[in-house]
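Asks: My structure is stored as protein-v8.tsv, with TSV, C-alpha atoms and all ligand atoms.
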chain	number	residue	atom	x	y	z
B	1	MET	CA	32.06	34.47	-27.24
B	2	LYS	CA	31.04	32.02	-29.97
B	3	ALA	CA	32.89	32.13	-33.28
B	4	PHE	CA	33.35	30.04	-36.42
B	5	ILE	CA	37.07	29.52	-36.88
B	6	VAL	CA	39.36	28.09	-39.53
B	7	LYS	CA	41.29	25.50	-37.56
B	8	ARG	CA	43.14	24.09	-40.57
B	9	TYR	CA	43.29	25.35	-44.13
B	10	GLY	CA	41.75	23.07	-46.75
B	11	LYS	CA	38.95	22.66	-49.25
B	12	LYS	CA	37.41	19.81	-47.30
B	13	GLU	CA	37.85	21.44	-43.90
B	14	LYS	CA	34.76	22.79	-42.17
B	15	LEU	CA	34.66	25.87	-39.95
B	16	GLN	CA	34.53	24.96	-36.27
B	17	LEU	CA	32.08	26.59	-33.89
B	18	THR	CA	34.05	27.32	-30.76
B	19	GLU	CA	34.42	29.64	-27.74
B	20	VAL	CA	37.07	32.32	-28.22
B	21	ALA	CA	38.07	35.40	-26.21
B	22	GLU	CA	36.19	38.63	-26.95
B	23	PRO	CA	38.37	40.88	-29.14
B	24	ILE	CA	40.59	43.47	-27.47
B	25	VAL	CA	39.46	46.97	-28.51
B	26	LYS	CA	42.38	49.16	-29.65
B	27	GLU	CA	42.25	52.93	-29.13
B	28	ASN	CA	40.93	53.73	-32.64
B	29	GLU	CA	38.57	50.75	-32.81
B	30	VAL	CA	34.88	50.12	-32.19
B	31	LEU	CA	33.62	46.84	-30.76
B	32	VAL	CA	30.52	45.76	-32.66
B	33	GLN	CA	27.98	43.20	-31.49
B	34	VAL	CA	27.37	41.24	-34.67
B	35	HIS	CA	23.71	40.92	-35.70
B	36	ALA	CA	24.32	39.52	-39.18
B	37	ALA	CA	27.31	38.56	-41.32
B	38	GLY	CA	27.38	38.45	-45.12
B	39	VAL	CA	28.99	35.43	-46.77
B	40	ASN	CA	31.36	35.84	-49.71
B	41	GLN	CA	33.35	33.75	-52.17
B	42	LEU	CA	36.40	35.28	-50.47
B	43	ASP	CA	35.53	33.40	-47.26
B	44	SER	CA	35.75	30.07	-49.07
B	45	LYS	CA	38.93	31.03	-50.86
B	46	VAL	CA	40.62	32.09	-47.62
B	47	LYS	CA	39.48	28.88	-45.85
B	48	ASN	CA	40.73	26.74	-48.74
B	49	GLY	CA	44.15	28.39	-48.54
B	50	GLU	CA	43.96	29.95	-52.02
B	51	PHE	CA	44.87	33.41	-50.67
B	52	LYS	CA	47.75	32.41	-48.40
B	53	LEU	CA	50.32	34.25	-50.49
B	54	ILE	CA	48.59	37.62	-50.15
B	55	LEU	CA	46.65	37.10	-46.91
B	56	PRO	CA	48.73	34.81	-44.72
B	57	TYR	CA	46.33	34.28	-41.80
B	58	LYS	CA	47.78	32.00	-39.16
B	59	ALA	CA	45.28	29.30	-38.15
B	60	PRO	CA	43.27	29.17	-35.98
B	61	PHE	CA	41.47	32.41	-36.89
B	62	THR	CA	37.86	33.60	-37.13
B	63	LEU	CA	36.49	33.91	-40.68
B	64	GLY	CA	33.99	36.42	-42.12
B	65	HIS	CA	34.33	39.66	-44.13
B	66	ASP	CA	30.96	41.46	-43.80
B	67	VAL	CA	29.06	42.65	-40.76
B	68	ALA	CA	26.06	44.63	-39.57
B	69	GLY	CA	25.53	45.21	-35.88
B	70	VAL	CA	25.51	47.61	-32.95
B	71	VAL	CA	28.46	49.48	-31.44
B	72	ALA	CA	29.03	48.01	-27.97
B	73	LYS	CA	32.28	49.67	-26.87
B	74	LEU	CA	34.59	52.48	-28.04
B	75	GLY	CA	38.38	52.73	-28.08
B	76	SER	CA	39.72	55.83	-26.29
B	77	ARG	CA	40.40	57.78	-29.51
B	78	VAL	CA	37.21	56.99	-31.44
B	79	THR	CA	35.42	60.14	-32.65
B	80	LYS	CA	32.97	59.03	-35.33
B	81	PHE	CA	30.66	56.67	-33.42
B	82	LYS	CA	28.88	56.25	-30.09
B	83	VAL	CA	27.70	53.18	-28.18
B	84	GLY	CA	24.36	51.99	-29.61
B	85	ASP	CA	24.99	53.16	-33.20
B	86	GLU	CA	23.76	50.70	-35.85
B	87	VAL	CA	26.67	50.19	-38.24
B	88	TYR	CA	27.96	47.99	-41.02
B	89	ALA	CA	31.43	47.27	-42.39
B	90	ARG	CA	33.85	45.20	-44.37
B	91	PRO	CA	36.63	44.98	-41.77
B	92	ALA	CA	40.16	45.49	-43.11
B	93	ASP	CA	42.28	42.54	-44.13
B	94	HIS	CA	44.08	41.05	-41.13
B	95	ARG	CA	41.20	42.32	-38.91
B	96	ILE	CA	38.47	40.02	-40.29
B	97	GLY	CA	36.29	37.69	-38.22
B	98	THR	CA	32.60	38.55	-38.59
B	99	PHE	CA	31.36	34.95	-38.10
B	100	ALA	CA	31.35	35.67	-34.36
B	101	GLU	CA	29.31	37.40	-31.69
B	102	TYR	CA	31.64	40.43	-31.56
B	103	ILE	CA	34.27	42.04	-33.78
B	104	SER	CA	36.55	45.00	-33.16
B	105	MET	CA	37.33	47.20	-36.20
B	106	ASN	CA	39.11	50.45	-36.97
B	107	GLU	CA	36.49	53.22	-36.97
B	108	ASN	CA	37.68	54.27	-40.46
B	109	ASP	CA	36.41	50.97	-41.87
B	110	VAL	CA	32.89	51.39	-40.44
B	111	ALA	CA	29.82	53.37	-41.58
B	112	LEU	CA	26.36	54.01	-40.21
B	113	LYS	CA	23.92	51.38	-41.46
B	114	PRO	CA	21.21	52.50	-43.90
B	115	GLU	CA	18.01	53.15	-41.93
B	116	ASN	CA	15.55	51.57	-44.36
B	117	ILE	CA	16.96	48.02	-44.45
B	118	SER	CA	17.30	45.19	-41.93
B	119	MET	CA	20.52	44.06	-40.25
B	120	GLU	CA	20.55	40.98	-42.51
B	121	GLU	CA	20.21	43.12	-45.63
B	122	ALA	CA	22.85	45.59	-44.40
B	123	SER	CA	25.38	42.82	-43.77
B	124	SER	CA	25.05	41.76	-47.42
B	125	ILE	CA	26.31	45.09	-48.73
B	126	PRO	CA	29.82	46.19	-47.66
B	127	LEU	CA	32.17	43.82	-49.55
B	128	VAL	CA	30.24	43.73	-52.83
B	129	GLY	CA	29.20	47.38	-52.60
B	130	LEU	CA	32.77	48.57	-52.06
B	131	THR	CA	34.00	46.29	-54.85
B	132	ALA	CA	31.52	47.80	-57.31
B	133	TRP	CA	32.30	51.34	-56.07
B	134	GLN	CA	36.08	50.91	-56.32
B	135	ALA	CA	35.77	49.34	-59.80
B	136	LEU	CA	33.20	51.67	-61.38
B	137	VAL	CA	33.69	54.98	-59.54
B	138	GLU	CA	37.31	54.95	-58.39
B	139	LYS	CA	39.10	52.99	-61.13
B	140	ALA	CA	36.85	53.37	-64.18
B	141	ASN	CA	35.44	56.83	-63.42
B	142	LEU	CA	32.28	55.63	-65.16
B	143	LYS	CA	30.30	58.53	-66.63
B	144	LYS	CA	26.82	59.24	-67.90
B	145	GLY	CA	26.33	57.92	-71.43
B	146	GLN	CA	29.18	55.38	-71.27
B	147	LYS	CA	28.69	51.66	-71.88
B	148	VAL	CA	29.66	49.11	-69.24
B	149	PHE	CA	29.60	45.32	-69.37
B	150	ILE	CA	29.08	43.75	-65.94
B	151	GLN	CA	29.55	39.99	-65.96
B	152	ALA	CA	27.39	37.71	-63.81
B	153	GLY	CA	24.69	40.30	-63.13
B	154	SER	CA	22.80	37.95	-60.81
B	155	GLY	CA	25.70	37.45	-58.36
B	156	GLY	CA	26.52	39.43	-55.25
B	157	VAL	CA	28.81	41.90	-57.02
B	158	GLY	CA	26.70	41.98	-60.19
B	159	THR	CA	23.38	42.84	-58.51
B	160	PHE	CA	24.98	45.82	-56.78
B	161	ALA	CA	27.15	46.92	-59.72
B	162	ILE	CA	24.21	47.03	-62.17
B	163	GLN	CA	22.28	49.36	-59.85
B	164	LEU	CA	25.32	51.58	-59.26
B	165	ALA	CA	26.16	51.80	-62.98
B	166	LYS	CA	22.57	52.75	-63.82
B	167	HIS	CA	22.67	55.43	-61.11
B	168	LEU	CA	25.85	56.80	-62.73
B	169	GLY	CA	23.95	57.05	-66.03
B	170	ALA	CA	25.67	54.27	-67.97
B	171	THR	CA	24.17	51.76	-70.39
B	172	VAL	CA	24.57	48.34	-68.80
B	173	ALA	CA	25.05	44.98	-70.48
B	174	THR	CA	25.23	41.85	-68.37
B	175	THR	CA	25.40	38.05	-68.55
B	176	THR	CA	23.31	35.57	-66.61
B	177	SER	CA	21.46	32.30	-67.22
B	178	ALA	CA	17.76	31.99	-68.17
B	179	ASN	CA	16.42	31.77	-64.59
B	180	ASN	CA	17.84	35.16	-63.62
B	181	ILE	CA	17.00	37.25	-66.67
B	182	ASP	CA	13.99	38.89	-65.00
B	183	LEU	CA	16.05	39.68	-61.90
B	184	VAL	CA	18.82	41.54	-63.77
B	185	LYS	CA	16.27	43.40	-65.90
B	186	SER	CA	14.47	44.51	-62.74
B	187	LEU	CA	17.78	45.97	-61.51
B	188	GLY	CA	18.06	48.07	-64.67
B	189	ALA	CA	20.24	46.03	-67.06
B	190	ASP	CA	19.68	47.27	-70.63
B	191	ILE	CA	21.20	44.35	-72.54
B	192	VAL	CA	20.92	40.87	-71.05
B	193	ILE	CA	22.85	37.96	-72.53
B	194	ASP	CA	22.12	34.36	-71.55
B	195	TYR	CA	25.71	33.12	-71.36
B	196	LYS	CA	24.65	29.52	-71.84
B	197	LYS	CA	23.10	30.27	-75.23
B	198	GLU	CA	24.99	33.25	-76.59
B	199	ASP	CA	28.55	34.52	-76.79
B	200	PHE	CA	28.72	38.10	-75.48
B	201	GLU	CA	31.54	38.90	-77.89
B	202	THR	CA	29.16	38.64	-80.83
B	203	ARG	CA	26.69	41.14	-79.29
B	204	LEU	CA	28.83	43.77	-77.56
B	205	LYS	CA	31.30	46.21	-79.09
B	206	ASP	CA	32.89	49.60	-78.39
B	207	TYR	CA	32.42	49.32	-74.63
B	208	ASP	CA	34.04	51.85	-72.30
B	209	VAL	CA	34.35	49.58	-69.27
B	210	VAL	CA	34.15	45.87	-68.40
B	211	LEU	CA	33.85	44.56	-64.84
B	212	ASN	CA	35.36	41.09	-65.22
B	213	SER	CA	34.60	38.45	-62.59
B	214	GLN	CA	34.98	35.20	-64.54
B	215	ASP	CA	37.72	33.03	-66.06
B	216	THR	CA	40.72	33.84	-68.29
B	217	LYS	CA	38.87	33.11	-71.52
B	218	THR	CA	36.13	35.57	-70.57
B	219	LEU	CA	38.77	38.14	-69.61
B	220	GLU	CA	40.50	37.82	-73.00
B	221	LYS	CA	37.19	38.17	-74.85
B	222	SER	CA	36.38	41.21	-72.73
B	223	LEU	CA	39.46	43.02	-74.06
B	224	ARG	CA	38.05	42.62	-77.58
B	225	ILE	CA	34.70	44.30	-76.89
B	226	LEU	CA	36.33	47.52	-75.62
B	227	LYS	CA	36.81	50.69	-77.62
B	228	PRO	CA	40.40	52.01	-77.83
B	229	ASN	CA	41.50	53.19	-74.36
B	230	GLY	CA	38.59	51.29	-72.79
B	231	LYS	CA	39.19	49.67	-69.42
B	232	VAL	CA	38.76	46.15	-68.17
B	233	ILE	CA	38.85	45.88	-64.41
B	234	SER	CA	39.18	42.31	-63.27
B	235	ILE	CA	38.20	41.18	-59.79
B	236	SER	CA	38.93	37.51	-60.51
B	237	GLY	CA	42.61	37.90	-61.43
B	238	PRO	CA	45.28	37.79	-62.49
B	239	PRO	CA	46.75	40.07	-59.81
B	240	ASP	CA	49.19	42.70	-61.12
B	241	VAL	CA	52.18	44.62	-59.78
B	242	ASP	CA	50.13	47.65	-58.70
B	243	PHE	CA	48.14	45.36	-56.46
B	244	ALA	CA	51.35	43.85	-55.04
B	245	LYS	CA	52.50	47.42	-54.22
B	246	GLN	CA	49.09	48.26	-52.67
B	247	ILE	CA	49.42	45.41	-50.17
B	248	GLY	CA	53.12	46.08	-49.54
B	249	ALA	CA	54.07	42.62	-50.82
B	250	PRO	CA	57.74	41.52	-50.75
B	251	TRP	CA	59.79	41.62	-53.99
B	252	PHE	CA	59.24	37.96	-54.89
B	253	VAL	CA	55.43	38.34	-54.66
B	254	LYS	CA	55.69	41.44	-56.90
B	255	LEU	CA	57.69	39.35	-59.36
B	256	ILE	CA	55.14	36.50	-59.27
B	257	MET	CA	52.31	38.97	-59.96
B	258	LYS	CA	54.25	40.58	-62.79
B	259	ILE	CA	54.66	37.17	-64.38
B	260	LEU	CA	51.04	36.11	-63.73
B	261	SER	CA	49.64	39.22	-65.42
B	262	SER	CA	52.17	39.59	-68.25
B	263	GLY	CA	50.09	37.68	-70.84
B	264	ILE	CA	46.93	39.70	-70.39
B	265	ARG	CA	48.85	42.98	-70.13
B	266	LYS	CA	50.53	42.27	-73.48
B	267	LYS	CA	47.20	41.40	-75.12
B	268	ALA	CA	45.62	44.58	-73.74
B	269	LYS	CA	48.54	46.69	-75.01
B	270	ARG	CA	48.23	45.19	-78.49
B	271	LEU	CA	44.52	46.13	-78.56
B	272	ARG	CA	45.24	49.61	-77.10
B	273	VAL	CA	43.00	48.99	-74.08
B	274	ASN	CA	43.74	48.98	-70.36
B	275	PHE	CA	43.80	46.04	-67.98
B	276	SER	CA	43.89	46.36	-64.21
B	277	PHE	CA	43.24	44.04	-61.29
B	278	LEU	CA	41.20	45.13	-58.28
B	279	PHE	CA	41.25	43.60	-54.85
B	280	MET	CA	38.74	45.62	-52.88
B	281	ARG	CA	39.73	47.26	-49.60
B	282	ALA	CA	37.88	48.35	-46.47
B	283	GLU	CA	36.80	52.00	-46.69
B	284	GLY	CA	34.28	53.54	-44.31
B	285	ASN	CA	33.99	56.82	-46.26
B	286	GLN	CA	32.93	55.07	-49.46
B	287	LEU	CA	30.55	52.90	-47.45
B	288	SER	CA	28.96	56.11	-46.10
B	289	GLU	CA	28.35	57.21	-49.72
B	290	ILE	CA	26.70	53.83	-50.32
B	291	THR	CA	24.52	54.37	-47.22
B	292	LEU	CA	23.17	57.57	-48.81
B	293	LEU	CA	22.26	55.72	-52.03
B	294	ILE	CA	20.46	52.98	-50.08
B	295	ASN	CA	18.65	55.48	-47.82
B	296	ALA	CA	17.47	57.27	-50.97
B	297	GLY	CA	16.11	53.99	-52.39
B	298	ILE	CA	18.52	54.18	-55.38
B	299	ILE	CA	20.24	50.91	-54.51
B	300	LYS	CA	18.41	47.98	-52.91
B	301	PRO	CA	19.94	44.87	-51.39
B	302	VAL	CA	19.24	41.66	-53.32
B	303	MET	CA	18.95	38.75	-50.93
B	304	ASP	CA	18.98	35.07	-51.74
B	305	LYS	CA	19.02	33.27	-48.39
B	306	VAL	CA	19.47	33.92	-44.68
B	307	PHE	CA	20.96	31.04	-42.65
B	308	PRO	CA	20.96	30.77	-38.83
B	309	PHE	CA	24.41	31.27	-37.25
B	310	GLU	CA	24.74	27.56	-36.43
B	311	GLN	CA	24.53	26.83	-40.17
B	312	THR	CA	27.46	29.01	-41.23
B	313	ASN	CA	29.13	26.01	-42.93
B	314	GLU	CA	25.97	25.36	-44.94
B	315	ALA	CA	25.83	29.06	-45.92
B	316	LEU	CA	29.45	28.88	-47.09
B	317	ALA	CA	28.74	25.71	-49.12
B	318	TYR	CA	25.74	27.40	-50.73
B	319	VAL	CA	27.88	30.38	-51.79
B	320	GLU	CA	30.62	28.04	-53.04
B	321	SER	CA	28.10	26.44	-55.39
B	322	GLY	CA	28.29	29.67	-57.42
B	323	ARG	CA	24.53	29.68	-58.06
B	324	SER	CA	23.33	32.27	-55.54
B	325	LYS	CA	21.10	35.10	-56.73
B	326	GLY	CA	22.29	38.16	-54.90
B	327	LYS	CA	23.56	37.65	-51.38
B	328	VAL	CA	23.70	35.01	-48.69
B	329	VAL	CA	23.79	36.04	-45.05
B	330	VAL	CA	24.15	34.46	-41.62
B	331	LYS	CA	21.88	35.77	-38.84
B	332	VAL	CA	23.94	35.92	-35.67
B	333	LYS	CA	21.64	37.74	-33.22
B	401	LIG	N1	38.79	41.12	-56.19
B	401	LIG	C1	37.82	41.50	-55.39
B	401	LIG	O1	37.94	42.48	-54.65
B	401	LIG	C2	36.53	40.72	-55.38
B	401	LIG	C3	35.45	41.20	-54.65
B	401	LIG	C4	34.24	40.49	-54.71
B	401	LIG	C5	34.15	39.32	-55.48
B	401	LIG	N2	35.26	38.90	-56.15
B	401	LIG	C6	35.19	37.68	-56.99
B	401	LIG	O2	34.27	37.94	-58.05
B	401	LIG	C7	33.56	36.76	-58.38
B	401	LIG	C8	32.06	37.04	-58.28
B	401	LIG	O3	31.74	37.31	-56.94
B	401	LIG	P1	30.23	37.30	-56.44
B	401	LIG	O4	30.24	37.55	-54.98
B	401	LIG	O5	29.41	38.16	-57.29
B	401	LIG	O6	29.85	35.77	-56.72
B	401	LIG	P2	28.47	35.02	-56.54
B	401	LIG	O7	27.47	35.90	-55.89
B	401	LIG	O8	28.74	33.71	-55.92
B	401	LIG	O9	28.03	34.77	-58.06
B	401	LIG	C9	27.01	33.86	-58.32
B	401	LIG	C10	26.34	34.24	-59.63
B	401	LIG	O10	27.24	34.10	-60.72
B	401	LIG	C11	26.50	33.74	-61.87
B	401	LIG	N3	27.40	33.05	-62.82
B	401	LIG	C12	28.12	31.92	-62.60
B	401	LIG	N4	28.84	31.62	-63.70
B	401	LIG	C13	28.59	32.59	-64.62
B	401	LIG	C14	29.04	32.84	-65.95
B	401	LIG	N5	29.93	32.04	-66.56
B	401	LIG	N6	28.58	33.94	-66.58
B	401	LIG	C15	27.71	34.78	-65.97
B	401	LIG	N7	27.23	34.57	-64.73
B	401	LIG	C16	27.68	33.50	-64.05
B	401	LIG	C17	25.43	32.83	-61.34
B	401	LIG	O11	24.30	32.96	-62.18
B	401	LIG	P3	23.68	31.66	-62.88
B	401	LIG	O12	23.22	30.78	-61.75
B	401	LIG	O13	22.60	32.24	-63.71
B	401	LIG	O14	24.79	31.03	-63.66
B	401	LIG	C18	25.14	33.37	-59.92
B	401	LIG	O15	23.97	34.16	-59.86
B	401	LIG	C19	34.07	35.69	-57.42
B	401	LIG	O16	35.11	34.97	-58.05
B	401	LIG	C20	34.64	36.48	-56.27
B	401	LIG	O17	35.64	35.79	-55.56
B	401	LIG	C21	36.43	39.56	-56.11
What would you get if you wrote out this structure as structure tokens?
Replies:
Amino acid sequence: MKAFIVKRYGKKEKLQLTEVAEPIVKENEVLVQVHAAGVNQLDSKVKNGEFKLILPYKAPFTLGHDVAGVVAKLGSRVTKFKVGDEVYARPADHRIGTFAEYISMNENDVALKPENISMEEASSIPLVGLTAWQALVEKANLKKGQKVFIQAGSGGVGTFAIQLAKHLGATVATTTSANNIDLVKSLGADIVIDYKKEDFETRLKDYDVVLNSQDTKTLEKSLRILKPNGKVISISGPPDVDFAKQIGAPWFVKLIMKILSSGIRKKAKRLRVNFSFLFMRAEGNQLSEITLLINAGIIKPVMDKVFPFEQTNEALAYVESGRSKGKVVVKVK
């Protein structure tokens, strides 16, 4: 089958379109014929080698973390799906590879695709949807009437997280630049701050939750807009010890993460607020909950661009630019 592989790690390296063997389907796995694959910042970071410490993929390997497609084959112990089901997923770490014609994934990582959206739209959802879910529902336990600040409301994570937070009944503040103000308002954002003109710290105070996706300076400011016991959940680092435990990292990686996060943890403690790092994980059950919200029209995919499969490198470069509005997808079939 055709696949885009990382042959060598590096910022300047391009993915190579090549023929590889079809994946072997383990007993609890489903083989999915890929129709579309979502593109994420994580793909670039893995290709560049920035994640080698926590995700040591041995090159050559197939890249890609989001998929929508059709179940083509079942492992002998699969119970949740049948051949022909339309599904979507964020395959688990170490089982990635959606920039290909087929991928085999554990059935627990997969969910039925929402019925009211296309394959391209569906492939844009899993990674950012699960990130927003795990930050706002699982970690923050965001409740009706609470105030949440979601940075970069026009990005892949932001466009989903705003809609989810509004569904949960929260008041949502977000940052974006002038061009995307109408977009984030249309998704339900209550307070919109043009980050190029205004400093969010001067407008926002007594927040319950911040979803941080930007740099260290933004993270530090975010601590200061929280009410006592408020929570900042950062998806852009620094990684902490709990995360090292979650991935079963060796002692020296735990130590590195303890050191990396010590500054921000101390600052949070001084302000009597909570800091935690989130690295999202594959989770078919949560994705099934997301399917229900999309089927009900509560959450809608926000699409920027669909590239043909042959232009996967161009799609990756577009995402790397950091300017996309919503999601970028590659159409495989
Ligand atoms: N830890 C995890 O599990 C996890 C999961 C998903 C994503 N992430 C990380 O979270 C970050 C965001 O991911 P994403 O997929 O949402 O990225 P994305 O879709 O590429 O974000 C692009 C958007 O960010 C906006 N933006 C750029 N700089 C901004 C700033 N300083 N303030 C406010 N908005 C800004 C841009 O709007 P303008 O053009 O208007 O500037 C653009 O619409 C990335 O670093 C990604 O790697 C982590």
Asks: Around ligand LIG 401 (chain B), which protein and nucleic acid residues have at least one atom no more than 6 Å from it, if we count only C-alpha atoms and all ligand atoms? List them as a count of residues only.
Replies: 29
Asks: If we draw a sphere of 9 Å around (36.0, 50.8, -40.7), which residues have at least one atom in it when counting all atoms listed in the file? Please report them as number ranges by chain.
Replies: B: 29-30, 88-92, 105-111, 282-285, 287
Asks: Since we have the selection now, will you write its residues out, keeping C-alpha atoms, as a PDB file, keeping the file's coordinate frame?
Replies:
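Final output, result.pdb:
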ATOM      1  CA  GLU B  29      38.570  50.750 -32.810  1.00  0.00           C
ATOM      2  CA  VAL B  30      34.880  50.120 -32.190  1.00  0.00           C
ATOM      3  CA  TYR B  88      27.960  47.990 -41.020  1.00  0.00           C
ATOM      4  CA  ALA B  89      31.430  47.270 -42.390  1.00  0.00           C
ATOM      5  CA  ARG B  90      33.850  45.200 -44.370  1.00  0.00           C
ATOM      6  CA  PRO B  91      36.630  44.980 -41.770  1.00  0.00           C
ATOM      7  CA  ALA B  92      40.160  45.490 -43.110  1.00  0.00           C
ATOM      8  CA  MET B 105      37.330  47.200 -36.200  1.00  0.00           C
ATOM      9  CA  ASN B 106      39.110  50.450 -36.970  1.00  0.00           C
ATOM     10  CA  GLU B 107      36.490  53.220 -36.970  1.00  0.00           C
ATOM     11  CA  ASN B 108      37.680  54.270 -40.460  1.00  0.00           C
ATOM     12  CA  ASP B 109      36.410  50.970 -41.870  1.00  0.00           C
ATOM     13  CA  VAL B 110      32.890  51.390 -40.440  1.00  0.00           C
ATOM     14  CA  ALA B 111      29.820  53.370 -41.580  1.00  0.00           C
ATOM     15  CA  ALA B 282      37.880  48.350 -46.470  1.00  0.00           C
ATOM     16  CA  GLU B 283      36.800  52.000 -46.690  1.00  0.00           C
ATOM     17  CA  GLY B 284      34.280  53.540 -44.310  1.00  0.00           C
ATOM     18  CA  ASN B 285      33.990  56.820 -46.260  1.00  0.00           C
ATOM     19  CA  LEU B 287      30.550  52.900 -47.450  1.00  0.00           C
TER      20      LEU B 287
END
Asks: Tell me, in Å to one decimal, how far atom CA of B:Arg224 is from atom CA of B:Glu201.
Replies: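 If I compute the distance from atom CA of B:Arg224 to atom CA of B:Glu201, I get 7.5 Å.
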Asks: Would you please work out which residue, of B:Phe277, B:Phe99, B:Phe51, B:Phe252, is nearest to B:Pro308 when using all atoms listed in the file?
Replies: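 Using all atoms listed in the file, the shortest distance to B:Pro308 belongs to B:Phe99.
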Asks: Taking 2 positions as the minimum chain separation for residues in the same chain, which residues sit within 12 Å of B:Ile162 when counting only C-alpha atoms? Answer as number ranges by chain.
Replies: B: 128-129, 132-133, 136, 147-160, 164-175, 183-192, 210-211, 298-302, 326
Asks: Hey, what's within 12 Å of B:Val70 if we count all atoms listed in the file and toss same-chain stuff fewer than 2 positions away? As number ranges by chain, please?
Replies: B: 30-36, 67-68, 72-74, 81-89, 101-104, 110-113, 119, 122-123, 333
Asks: Give the answer as one residue: which of B:Pro126, B:Pro114, B:Pro23, B:Gly230 has the shortest atom-to-atom distance to B:Gly38, using all atoms listed in the file?
Replies: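 Counting all atoms listed in the file, the residue closest to B:Gly38 is B:Pro126.
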Asks: Please identify all polymer residues within 6 Å of B:Leu226, counting all atoms listed in the file, omitting same-chain residues fewer than 4 positions from it, and present them as number ranges by chain.
Replies: B: 206-208, 230
Asks: Taking (50.6, 44.3, -49.9) in the file's coordinates as the center, which residues reach within 12 Å of it, counting all atoms listed in the file, put as a list in words?
Replies: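 With a cut-off of 12 Å, the residues come to Leu53, Ile54, Leu55, Pro56, Asp93, His94, Pro239, Asp240, Val241, Asp242, Phe243, Ala244, Lys245, Gln246, Ile247, Gly248, Ala249, Pro250, Trp251, Phe252, Val253, Lys254, Met257, Phe279 and Arg281 of chain B.
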Asks: Would you pick out the contacts of B:Glu320 at 12 Å or less, using only C-alpha atoms, so that residues sharing its chain but fewer than 6 positions from it are not included, and give the list as a list in words?
Replies: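 My reading of the contact set: Lys11, Val39, Asn40, Gln41, Leu42, Asp43, Ser44, Lys45, Lys47, Asn48, Gly155, Asn313, Glu314 and Val328 of chain B.
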Asks: Calculated over all atoms listed in the file, which of the candidates B:Ala37, B:Leu223, B:Leu316, B:Leu292 has the smallest distance to B:Asn274?
Replies: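 Of all the options, B:Leu223 lies closest to B:Asn274.
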Asks: Of the residues B:Gln146, B:Ser276, B:Gln286, B:Ser124, which is the one nearest to B:Leu219, using only C-alpha atoms?
Replies: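 Among the listed residues, B:Ser276 lies closest to B:Leu219.
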Asks: Just to confirm, what's the straight-line distance from atom CA of B:Ile125 to atom CA of B:Asp66 in Å (one decimal)?
Replies: 7.7 Å
Asks: From the set B:Ala21, B:Gly69, B:Asp182, B:Ala161, which residue has the shortest atom-to-atom contact distance to B:Leu130, counting all atoms listed in the file?
Replies: B:Ala161
Asks: Just the number, please: distance in Å from atom CA of B:Lys143 to atom CA of B:Val209, one decimal.
Replies: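 Atom-to-atom, atom CA of B:Lys143 and atom CA of B:Val209 are spaced 10.2 Å apart.
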